[in-house]
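Chemist: File name target17.pdb; file contents PDB, C-alpha atoms and all ligand atoms; full text below.
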ATOM      1  CA  MET T   1      93.509 133.273  89.790
ATOM      2  CA  ILE T   2      94.293 131.311  92.926
ATOM      3  CA  SER T   3      96.962 132.859  95.181
ATOM      4  CA  TYR T   4     100.211 131.076  96.032
ATOM      5  CA  GLU T   5      99.147 130.695  99.678
ATOM      6  CA  GLU T   6      95.786 129.154  98.733
ATOM      7  CA  PHE T   7      97.446 126.852  96.196
ATOM      8  CA  VAL T   8      99.994 125.613  98.748
ATOM      9  CA  GLN T   9      97.272 125.013 101.306
ATOM     10  CA  VAL T  10      95.222 122.937  98.853
ATOM     11  CA  GLN T  11      98.215 120.963  97.569
ATOM     12  CA  ASN T  12      99.613 120.260 101.028
ATOM     13  CA  GLY T  13      96.194 119.047 102.156
ATOM     14  CA  ARG T  14      95.956 116.748  99.137
ATOM     15  CA  ALA T  15      99.498 115.463  99.674
ATOM     16  CA  SER T  16      98.836 114.583 103.322
ATOM     17  CA  LEU T  17      95.677 112.673 102.388
ATOM     18  CA  TYR T  18      97.555 110.732  99.691
ATOM     19  CA  ARG T  19     100.280 109.906 102.214
ATOM     20  CA  LEU T  20      97.666 108.651 104.665
ATOM     21  CA  VAL T  21      96.171 106.311 102.036
ATOM     22  CA  ALA T  22      99.700 105.174 101.099
ATOM     23  CA  LYS T  23     100.483 104.396 104.729
ATOM     24  CA  ILE T  24      97.297 102.401 105.324
ATOM     25  CA  PHE T  25      97.634 100.195 102.233
ATOM     26  CA  ARG T  26     101.429  99.785 102.035
ATOM     27  CA  GLU T  27     101.782  96.837 104.412
ATOM     28  CA  PRO T  28     100.258  95.437 107.599
ATOM     29  CA  LEU T  29     100.215  98.167 110.237
ATOM     30  CA  SER T  30     102.849  98.006 112.971
ATOM     31  CA  GLN T  31     101.934  98.739 116.595
ATOM     32  CA  GLU T  32     103.611 102.137 116.184
ATOM     33  CA  ASP T  33     101.451 102.835 113.105
ATOM     34  CA  ILE T  34      98.317 101.893 115.024
ATOM     35  CA  GLU T  35      99.231 104.162 117.928
ATOM     36  CA  ALA T  36     100.173 107.010 115.601
ATOM     37  CA  LEU T  37      96.880 106.729 113.694
ATOM     38  CA  ALA T  38      94.843 106.387 116.885
ATOM     39  CA  GLN T  39      96.491 109.308 118.645
ATOM     40  CA  GLY T  40      97.374 111.447 115.634
ATOM     41  CA  GLY T  41      93.861 112.685 115.084
ATOM     42  CA  LEU T  42      92.424 110.750 112.160
ATOM     43  CA  SER T  43      89.341 112.901 112.627
ATOM     44  CA  GLY T  44      91.438 115.852 111.470
ATOM     45  CA  PHE T  45      91.076 114.445 107.947
ATOM     46  CA  ALA T  46      87.290 114.883 107.966
ATOM     47  CA  CYS T  47      86.367 117.480 105.366
ATOM     48  CA  GLY T  48      82.614 117.533 104.899
ATOM     49  CA  ASP T  49      82.517 114.824 102.218
ATOM     50  CA  GLN T  50      80.115 112.081 103.306
ATOM     51  CA  ARG T  51      82.238 109.067 102.315
ATOM     52  CA  ILE T  52      85.528 110.494 103.543
ATOM     53  CA  ASP T  53      84.054 111.551 106.874
ATOM     54  CA  HIS T  54      82.262 108.253 107.401
ATOM     55  CA  GLY T  55      85.391 106.269 106.501
ATOM     56  CA  VAL T  56      87.498 108.345 108.893
ATOM     57  CA  HIS T  57      84.873 107.962 111.624
ATOM     58  CA  VAL T  58      84.817 104.155 111.217
ATOM     59  CA  MET T  59      88.633 103.905 111.347
ATOM     60  CA  ALA T  60      88.899 106.250 114.334
ATOM     61  CA  ARG T  61      86.206 104.403 116.316
ATOM     62  CA  TYR T  62      87.831 101.064 115.589
ATOM     63  CA  LEU T  63      91.235 102.280 116.773
ATOM     64  CA  ALA T  64      89.764 104.007 119.813
ATOM     65  CA  LYS T  65      88.696 100.551 121.037
ATOM     66  CA  ARG T  66      92.095  98.976 120.328
ATOM     67  CA  ASN T  67      93.477  96.335 122.645
ATOM     68  CA  THR T  68      96.396  93.931 122.694
ATOM     69  CA  GLY T  69      94.865  91.823 119.918
ATOM     70  CA  THR T  70      94.098  94.663 117.497
ATOM     71  CA  ARG T  71      97.352  94.489 115.590
ATOM     72  CA  GLU T  72      97.033  90.762 115.007
ATOM     73  CA  LEU T  73      93.450  91.098 113.770
ATOM     74  CA  LEU T  74      94.413  93.900 111.377
ATOM     75  CA  ASN T  75      97.451  91.997 110.123
ATOM     76  CA  ARG T  76      95.325  88.939 109.457
ATOM     77  CA  ASP T  77      92.796  91.021 107.544
ATOM     78  CA  TYR T  78      95.476  92.772 105.511
ATOM     79  CA  THR T  79      97.291  89.542 104.697
ATOM     80  CA  LEU T  80      94.154  87.705 103.618
ATOM     81  CA  ALA T  81      92.900  90.533 101.458
ATOM     82  CA  PHE T  82      95.851  92.476 100.116
ATOM     83  CA  TYR T  83      98.513  89.756  99.911
ATOM     84  CA  GLY T  84      96.020  87.686  97.957
ATOM     85  CA  ILE T  85      95.711  84.781 100.383
ATOM     86  CA  GLN T  86      91.936  84.771 100.039
ATOM     87  CA  GLY T  87      89.995  85.467  96.860
ATOM     88  CA  VAL T  88      86.428  85.856  95.664
ATOM     89  CA  ASP T  89      85.301  83.805  92.665
ATOM     90  CA  GLY T  90      88.919  83.202  91.737
ATOM     91  CA  ARG T  91      89.851  86.893  91.926
ATOM     92  CA  MET T  92      92.177  88.437  94.492
ATOM     93  CA  ALA T  93      92.218  91.918  95.997
ATOM     94  CA  LEU T  94      95.840  92.614  95.146
ATOM     95  CA  PRO T  95      96.430  96.386  95.376
ATOM     96  CA  TYR T  96      98.207  96.620  91.997
ATOM     97  CA  GLU T  97      96.764  98.191  88.883
ATOM     98  CA  SER T  98      98.162  95.398  86.721
ATOM     99  CA  ALA T  99      96.088  92.878  88.720
ATOM    100  CA  PHE T 100      92.969  94.567  87.361
ATOM    101  CA  GLY T 101      94.052  95.083  83.768
ATOM    102  CA  GLY T 102      92.057  92.279  82.216
ATOM    103  CA  GLU T 103      90.141  89.105  82.740
ATOM    104  CA  GLU T 104      93.181  87.284  84.069
ATOM    105  CA  GLN T 105      94.941  88.795  87.058
ATOM    106  CA  ARG T 106      98.564  89.293  86.087
ATOM    107  CA  LEU T 107     101.089  91.357  87.974
ATOM    108  CA  MET T 108     103.887  93.132  86.106
ATOM    109  CA  GLY T 109     101.639  93.641  83.084
ATOM    110  CA  PHE T 110     100.938  96.666  80.889
ATOM    111  CA  ALA T 111      99.988  98.955  83.729
ATOM    112  CA  ARG T 112     103.197  98.333  85.609
ATOM    113  CA  GLY T 113     105.284  99.196  82.546
ATOM    114  CA  LYS T 114     103.312 102.384  81.942
ATOM    115  CA  VAL T 115     103.558 103.760  85.471
ATOM    116  CA  TYR T 116     107.214 102.723  85.617
ATOM    117  CA  ASN T 117     107.904 104.928  82.608
ATOM    118  CA  ILE T 118     105.908 107.838  84.051
ATOM    119  CA  PHE T 119     107.831 107.651  87.318
ATOM    120  CA  LYS T 120     111.135 107.322  85.497
ATOM    121  CA  LYS T 121     110.427 110.405  83.402
ATOM    122  CA  GLN T 122     109.613 112.319  86.580
ATOM    123  CA  ALA T 123     112.983 111.175  87.989
ATOM    124  CA  LEU T 124     111.149 109.354  90.772
ATOM    125  CA  LYS T 125     113.019 106.610  92.555
ATOM    126  CA  LEU T 126     111.803 104.214  95.209
ATOM    127  CA  GLY T 127     112.764 105.337  98.696
ATOM    128  CA  GLU T 128     115.273 103.281 100.598
ATOM    129  CA  GLY T 129     113.673 100.159 101.998
ATOM    130  CA  ILE T 130     110.635 100.409  99.699
ATOM    131  CA  ASP T 131     110.466  97.575  97.216
ATOM    132  CA  LEU T 132     106.866  97.783  96.047
ATOM    133  CA  PRO T 133     106.284  97.305  92.353
ATOM    134  CA  GLU T 134     105.495 100.639  90.770
ATOM    135  CA  ASP T 135     101.788 100.018  90.211
ATOM    136  CA  HIS T 136     101.042  99.315  93.892
ATOM    137  CA  LEU T 137      98.349 101.683  95.185
ATOM    138  CA  SER T 138     100.634 103.000  97.923
ATOM    139  CA  PHE T 139     103.435 103.895  95.551
ATOM    140  CA  MET T 140     100.978 105.635  93.230
ATOM    141  CA  CYS T 141      99.659 107.673  96.163
ATOM    142  CA  GLU T 142     103.218 108.644  97.150
ATOM    143  CA  PHE T 143     103.703 109.764  93.558
ATOM    144  CA  MET T 144     100.565 111.930  93.651
ATOM    145  CA  ALA T 145     101.734 113.519  96.904
ATOM    146  CA  LEU T 146     105.178 114.227  95.490
ATOM    147  CA  ILE T 147     103.838 115.843  92.318
ATOM    148  CA  ALA T 148     101.483 118.006  94.404
ATOM    149  CA  GLU T 149     104.515 119.231  96.371
ATOM    150  CA  ARG T 150     106.554 119.801  93.220
ATOM    151  CA  SER T 151     103.753 121.931  91.799
ATOM    152  CA  CYS T 152     104.061 124.206  94.863
ATOM    153  CA  GLU T 153     107.793 124.632  94.218
ATOM    154  CA  SER T 154     107.048 125.588  90.614
ATOM    155  CA  PHE T 155     104.372 128.060  91.718
ATOM    156  CA  LYS T 156     106.837 129.648  94.146
ATOM    157  CA  ALA T 157     109.366 130.024  91.316
ATOM    158  CA  ASP T 158     106.624 131.537  89.136
ATOM    159  CA  GLN T 159     106.973 128.684  86.617
ATOM    160  CA  MET T 160     103.292 128.553  85.785
ATOM    161  CA  ASP T 161     103.619 126.316  82.725
ATOM    162  CA  SER T 162     105.280 123.762  84.923
ATOM    163  CA  VAL T 163     102.457 124.128  87.489
ATOM    164  CA  ARG T 164      99.890 123.523  84.750
ATOM    165  CA  THR T 165     101.756 120.458  83.499
ATOM    166  CA  TYR T 166     101.927 118.996  87.010
ATOM    167  CA  LEU T 167      98.199 119.574  87.461
ATOM    168  CA  ARG T 168      97.370 117.845  84.194
ATOM    169  CA  LEU T 169      99.722 115.000  85.092
ATOM    170  CA  GLN T 170      97.953 114.485  88.420
ATOM    171  CA  GLN T 171      94.517 114.773  86.825
ATOM    172  CA  GLU T 172      95.239 112.212  84.109
ATOM    173  CA  PHE T 173      97.215 109.895  86.373
ATOM    174  CA  LEU T 174      94.347 109.828  88.878
ATOM    175  CA  LYS T 175      91.819 109.069  86.132
ATOM    176  CA  GLN T 176      93.869 106.573  84.144
ATOM    177  CA  HIS T 177      95.902 104.797  86.822
ATOM    178  CA  ILE T 178      93.917 104.982  90.088
ATOM    179  CA  LEU T 179      90.214 105.578  89.481
ATOM    180  CA  ASN T 180      90.218 103.063  86.619
ATOM    181  CA  TRP T 181      90.731 100.131  89.028
ATOM    182  CA  TYR T 182      90.374 101.253  92.649
ATOM    183  CA  PRO T 183      86.578 100.623  92.785
ATOM    184  CA  LYS T 184      87.173  97.006  91.661
ATOM    185  CA  LEU T 185      89.833  96.552  94.354
ATOM    186  CA  ALA T 186      87.546  98.039  97.023
ATOM    187  CA  SER T 187      84.640  95.869  95.948
ATOM    188  CA  LEU T 188      86.698  92.671  96.098
ATOM    189  CA  ALA T 189      88.502  93.541  99.312
ATOM    190  CA  GLY T 190      85.179  94.531 100.881
ATOM    191  CA  GLN T 191      84.061  90.922 100.498
ATOM    192  CA  ILE T 192      87.201  89.594 102.195
ATOM    193  CA  VAL T 193      88.070  91.854 105.122
ATOM    194  CA  SER T 194      86.245  91.330 108.386
ATOM    195  CA  GLU T 195      87.594  94.198 110.519
ATOM    196  CA  ARG T 196      85.701  97.470 110.265
ATOM    197  CA  PHE T 197      88.979  99.379 110.108
ATOM    198  CA  TYR T 198      89.717  98.302 106.523
ATOM    199  CA  ARG T 199      86.108  98.844 105.475
ATOM    200  CA  GLY T 200      86.434 102.404 106.739
ATOM    201  CA  ALA T 201      89.822 102.771 105.058
ATOM    202  CA  MET T 202      88.451 101.702 101.680
ATOM    203  CA  GLU T 203      85.448 104.006 101.937
ATOM    204  CA  PHE T 204      87.734 106.870 102.957
ATOM    205  CA  ALA T 205      90.157 106.252 100.078
ATOM    206  CA  GLY T 206      87.370 105.863  97.490
ATOM    207  CA  GLY T 207      85.684 109.063  98.654
ATOM    208  CA  PHE T 208      88.995 110.892  98.643
ATOM    209  CA  PHE T 209      89.944 109.810  95.093
ATOM    210  CA  ASP T 210      86.551 110.936  93.743
ATOM    211  CA  LEU T 211      86.724 114.242  95.571
ATOM    212  CA  ASP T 212      90.317 114.780  94.505
ATOM    213  CA  LEU T 213      89.361 114.514  90.852
ATOM    214  CA  GLN T 214      86.804 117.283  91.395
ATOM    215  CA  ASN T 215      89.487 119.365  93.146
ATOM    216  CA  LEU T 216      91.973 118.783  90.347
ATOM    217  CA  ASN T 217      89.379 119.629  87.693
ATOM    218  CA  ALA T 218      88.743 122.917  89.514
ATOM    219  CA  LEU T 219      92.485 123.687  89.804
ATOM    220  CA  VAL T 220      93.024 122.884  86.130
ATOM    221  CA  ALA T 221      90.225 125.288  85.186
ATOM    222  CA  GLU T 222      91.443 127.953  87.618
ATOM    223  CA  THR T 223      95.023 127.941  86.320
ATOM    224  CA  GLY T 224      94.191 127.592  82.611
ATOM    225  CA  ALA T 225      95.890 124.191  82.519
ATOM    226  CA  SER T 226      93.166 122.751  80.289
ATOM    227  CA  SER T 227      94.585 124.726  77.340
ATOM    228  CA  ILE T 228      98.118 123.282  77.466
ATOM    229  CA  ALA T 229      99.134 120.316  75.321
ATOM    230  CA  PHE T 230      99.459 117.267  77.509
ATOM    231  CA  ASP T 231      99.380 113.583  76.583
ATOM    232  CA  LEU T 232      99.923 111.040  79.340
ATOM    233  CA  ASN T 233     100.574 108.407  76.688
ATOM    234  CA  GLU T 234     103.854 110.121  75.814
ATOM    235  CA  LEU T 235     105.045 109.575  79.365
ATOM    236  CA  GLU T 236     103.827 105.983  79.499
ATOM    237  CA  LEU T 237     106.091 104.738  76.726
ATOM    238  CA  ALA T 238     109.829 104.791  77.405
ATOM    239  CA  HIS T 239     110.828 104.820  73.752
ATOM    240  CA  PRO T 240     107.766 105.289  71.580
ATOM    241  CA  VAL T 241     108.225 103.905  68.085
ATOM    242  CA  ASN T 242     108.874 106.811  65.740
ATOM    243  CA  THR T 243     108.349 105.616  62.207
ATOM    244  CA  SER T 244     108.775 109.057  60.671
ATOM    245  CA  LYS T 245     112.555 109.102  61.139
ATOM    246  CA  ARG T 246     113.575 105.526  60.444
ATOM    247  CA  LYS T 247     112.221 102.048  60.211
ATOM    248  CA  PRO T 248     111.862 100.485  63.686
ATOM    249  CA  LYS T 249     113.172  96.991  64.315
ATOM    250  CA  PRO T 250     110.426  94.367  64.042
ATOM    251  CA  TYR T 251     109.021  92.910  67.232
ATOM    252  CA  PRO T 252     109.588  89.269  68.211
ATOM    253  CA  VAL T 253     107.185  86.899  66.509
ATOM    254  CA  VAL T 254     105.140  84.593  68.754
ATOM    255  CA  ASP T 255     104.377  81.017  67.777
ATOM    256  CA  LYS T 256     100.764  80.898  68.986
ATOM    257  CA  HIS T 257     100.810  77.103  69.096
ATOM    258  CA  ALA T 258     103.875  77.015  71.345
ATOM    259  CA  CYS T 259     103.230  79.992  73.709
ATOM    260  CA  ILE T 260     101.923  78.609  76.977
ATOM    261  CA  ARG T 261     100.151  81.876  77.873
ATOM    262  CA  LYS T 262      98.078  81.586  74.712
ATOM    263  CA  LYS T 263      97.034  78.208  76.075
ATOM    264  CA  GLY T 264      95.935  79.707  79.386
ATOM    265  CA  ALA T 265      99.070  79.503  81.565
ATOM    266  CA  MET T 266     100.145  82.523  83.650
ATOM    267  CA  CYS T 267     103.505  82.948  81.879
ATOM    268  CA  MET T 268     104.967  86.478  81.768
ATOM    269  CA  ALA T 269     108.639  85.498  81.371
ATOM    270  CA  CYS T 270     109.064  87.544  78.203
ATOM    271  CA  VAL T 271     107.508  90.749  79.613
ATOM    272  CA  SER T 272     109.257  90.466  82.955
ATOM    273  CA  ILE T 273     112.735  90.264  81.433
ATOM    274  CA  CYS T 274     112.279  92.842  78.679
ATOM    275  CA  PRO T 275     114.171  96.073  79.529
ATOM    276  CA  GLU T 276     111.582  97.970  77.474
ATOM    277  CA  HIS T 277     108.593  96.294  79.190
ATOM    278  CA  ILE T 278     107.387  94.995  75.845
ATOM    279  CA  ASP T 279     104.873  92.183  75.796
ATOM    280  CA  PRO T 280     105.541  90.265  72.573
ATOM    281  CA  CYS T 281     102.106  88.625  72.889
ATOM    282  CA  ALA T 282     100.192  91.916  73.143
ATOM    283  CA  ASP T 283      97.803  93.313  70.604
ATOM    284  CA  ARG T 284      99.907  96.350  69.696
ATOM    285  CA  LYS T 285      96.924  98.214  68.272
ATOM    286  CA  LYS T 286      95.207  98.151  71.654
ATOM    287  CA  HIS T 287      98.385  98.390  73.725
ATOM    288  CA  PRO T 288     101.104 100.521  72.059
ATOM    289  CA  GLN T 289     104.552  99.255  73.021
ATOM    290  CA  ASN T 290     108.013 100.700  73.363
ATOM    291  CA  GLU T 291     110.460 100.179  70.555
ATOM    292  CA  CYS T 292     112.187  96.773  70.504
ATOM    293  CA  THR T 293     115.990  96.935  70.632
ATOM    294  CA  HIS T 294     116.484  93.308  69.481
ATOM    295  CA  CYS T 295     118.430  92.498  72.655
ATOM    296  CA  GLY T 296     117.124  88.933  72.489
ATOM    297  CA  LEU T 297     116.499  88.525  76.228
ATOM    298  CA  CYS T 298     112.884  87.477  75.752
ATOM    299  CA  ILE T 299     113.926  84.800  73.247
ATOM    300  CA  GLN T 300     116.260  83.261  75.825
ATOM    301  CA  ALA T 301     113.743  83.590  78.669
ATOM    302  CA  CYS T 302     110.797  81.948  76.917
ATOM    303  CA  PRO T 303     110.293  78.481  78.454
ATOM    304  CA  ALA T 304     108.447  77.255  75.352
ATOM    305  CA  ASP T 305     110.833  78.473  72.610
ATOM    306  CA  ALA T 306     107.839  80.353  71.265
ATOM    307  CA  LEU T 307     109.661  83.540  70.212
ATOM    308  CA  THR T 308     111.840  84.379  67.237
ATOM    309  CA  LEU T 309     113.350  87.679  66.151
ATOM    310  CA  PRO T 310     112.784  88.569  62.504
ATOM    311  CA  GLU T 311     115.687  90.077  60.548
ATOM    312  CA  ALA T 312     115.983  93.803  61.228
TER     313      ALA T 312
HETATM  314  S1  LIG P   1     114.190  91.544  71.971
HETATM  315 FE1  LIG P   1     114.703  92.662  73.873
HETATM  316  S2  LIG P   1     113.693  94.655  73.613
HETATM  317 FE2  LIG P   1     112.792  93.288  72.082
HETATM  318  S3  LIG P   1     110.951  92.452  73.072
HETATM  319 FE3  LIG P   1     112.616  90.990  73.444
HETATM  320  S4  LIG P   1     113.484  91.585  75.432
HETATM  321 FE4  LIG P   1     112.245  93.311  74.701
HETATM  322  S1  LIG P   2     107.713  83.757  77.636
HETATM  323 FE1  LIG P   2     107.125  82.540  75.835
HETATM  324  S2  LIG P   2     105.520  81.153  76.565
HETATM  325 FE2  LIG P   2     105.734  82.787  78.095
HETATM  326  S3  LIG P   2     104.188  84.319  77.482
HETATM  327 FE3  LIG P   2     106.131  84.947  76.545
HETATM  328  S4  LIG P   2     106.064  84.007  74.509
HETATM  329 FE4  LIG P   2     104.497  82.961  75.720
END
Just give me the structure of the file as structure tokens.
Ligand code: SF4
Ligand code: SF4
Modeler:
Amino acid sequence: MISYEEFVQVQNGRASLYRLVAKIFREPLSQEDIEALAQGGLSGFACGDQRIDHGVHVMARYLAKRNTGTRELLNRDYTLAFYGIQGVDGRMALPYESAFGGEEQRLMGFARGKVYNIFKKQALKLGEGIDLPEDHLSFMCEFMALIAERSCESFKADQMDSVRTYLRLQQEFLKQHILNWYPKLASLAGQIVSERFYRGAMEFAGGFFDLDLQNLNALVAETGASSIAFDLNELELAHPVNTSKRKPKPYPVVDKHACIRKKGAMCMACVSICPEHIDPCADRKKHPQNECTHCGLCIQACPADALTLPEA
């Protein structure tokens, strides 16, 4: 079994790498960020993995040659790619999971609701001054770093079941909410950015996510976490419908002929306003939803009068 000291070393290393990815993709880099990355020893993150080391090398070389125009060039690249100013074949490299959830790119979709519930159940709040939607890559990376640190606290307190749960949470979250869309983001952004810095950053992050899954798989095996009951789906739904105790209230009914999203428009008024993050238009077999409270907000918000609430 891994010792406490070894565990802390591994988790702190993982947390610092997640925080580096979060920093790079959160917003355009300030001059202070550029100086800190250039002087703070990016090469210290090299670890023997080919993609991580090459990505770090590319970023470090780019910043080593920085001049007075570097910040502007990087800001332009970031804005074009990650604020969605420029697209490829109608698709944009927005760093949100919900932008890669289906054929149409919609923010604030299913993925956002799911990660929101996971964060809420982990009592995670946005830091002051951070207003990223929850399914932004940077916020997800901050979450991974935080859970890695919490697992160290649990280990120190000898709460090994809690350690195992945190490891499974990180393992499943990485698989189901980062690795499921990051390669698509990197592929799209790779066709938009022109500065080598962001190419290096994307290679570094992709290599790190893949390697981190291997590390987490090893930690899960080492600590016996694979034998504990863990279902990420239970964390993704705020109030899962429980039909065994009582009959749930019926969901709003959508008039398919009136709903403008069904006709191809980008309307998400109903989902955005719903306190339970329910999408009345969703296929509930494919996308399980929270329980509807019949608050009626979606009915009022719908611009096409397409929703009605059946009698409870
Ligand atoms: S009635 Fe309220 S809880 Fe139910 S789907 Fe509409 S907004 Fe959500
Ligand atoms: S708000 Fe109305 S029109 Fe828009 S997606 Fe929802 S049901 Fe359709």
Chemist: Give as an MDAnalysis selection string the residues that the PyMOL selection byres (((not hetatm)) within 7 of (chain P and resi 1)) matches when applied to the coordinates above.
Modeler: chainID T and resid 251:252 270 273:280 292:299
Chemist: Run the PyMOL selection byres (((not hetatm)) within 12 of (chain P and resi 2)) against the file shown and list the residues it catches, as a PyMOL selection string.
Modeler: chain T and resi 106+109+251-274+277-282+296-309
Chemist: What is the CA of Glu195 in chain T to CA of Arg51 in chain T distance in Å?
Modeler: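 For CA of Glu195 in chain T relative to CA of Arg51 in chain T, the distance reads 17.8 Å.
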Chemist: Kindly give the distance, in Å, that separates CA of Ser227 in chain T and CA of Glu172 in chain T, rounded to a single decimal.
Modeler: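 Atom-to-atom, CA of Ser227 in chain T to CA of Glu172 in chain T, that is 14.2 Å.
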Chemist: Just say which residues the PyMOL selection byres (((chain T and resi 2-16) around 8) and not hetatm) picks in this file, as a short mmCIF file (atom, residue, chain, number, x, y, z; two decimals) with C-alpha atoms, keeping the file's coordinate frame.
Modeler:
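Result written to part.cif:
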data_model
loop_
_atom_site.label_atom_id
_atom_site.label_comp_id
_atom_site.auth_asym_id
_atom_site.auth_seq_id
_atom_site.Cartn_x
_atom_site.Cartn_y
_atom_site.Cartn_z
CA MET T 1 93.51 133.27 89.79
CA LEU T 17 95.68 112.67 102.39
CA TYR T 18 97.56 110.73 99.69
CA ARG T 19 100.28 109.91 102.21
CA LEU T 20 97.67 108.65 104.66
CA MET T 144 100.56 111.93 93.65
CA ALA T 145 101.73 113.52 96.90
CA LEU T 146 105.18 114.23 95.49
CA ALA T 148 101.48 118.01 94.40
CA GLU T 149 104.52 119.23 96.37
CA CYS T 152 104.06 124.21 94.86
CA PHE T 155 104.37 128.06 91.72
CA LYS T 156 106.84 129.65 94.15
CA ASP T 212 90.32 114.78 94.50
CA GLU T 222 91.44 127.95 87.62
CA THR T 223 95.02 127.94 86.32
#
Chemist: Counting all atoms listed in the file, which of T:Pro248, T:Pro310, T:Gly113, T:Pro183 gets nearest to Leu235 in chain T?
Modeler: T:Gly113
Chemist: Please, what distance in Å, to one decimal, runs between CA of Gln171 in chain T and CA of Leu213 in chain T?
Modeler: 6.5 Å
Chemist: Within 8 Å of range 80-87 of chain T, counting only C-alpha atoms, which residues qualify if same-chain residues fewer than 4 places away don't, as a list in words?
Modeler: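 Contacts, in chain order: Arg76, Arg91, Met92, Ala93, Leu94, Pro95, Leu188, Ala189, Ile192 and Val193 of chain T.
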Chemist: Which protein, DNA or RNA residues have an atom at most 12 Å from (105.0, 124.8, 84.1), counting all atoms listed in the file? List them as a list in words.
Modeler: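 Those residues, ordered by chain and then number, are Arg150, Ser151, Cys152, Glu153, Ser154, Phe155, Lys156, Ala157, Asp158, Gln159, Met160, Asp161, Ser162, Val163, Arg164, Thr165, Tyr166, Leu167, Arg168, Leu169, Thr223, Gly224, Ala225, Ile228, Ala229 and Phe230 of chain T.
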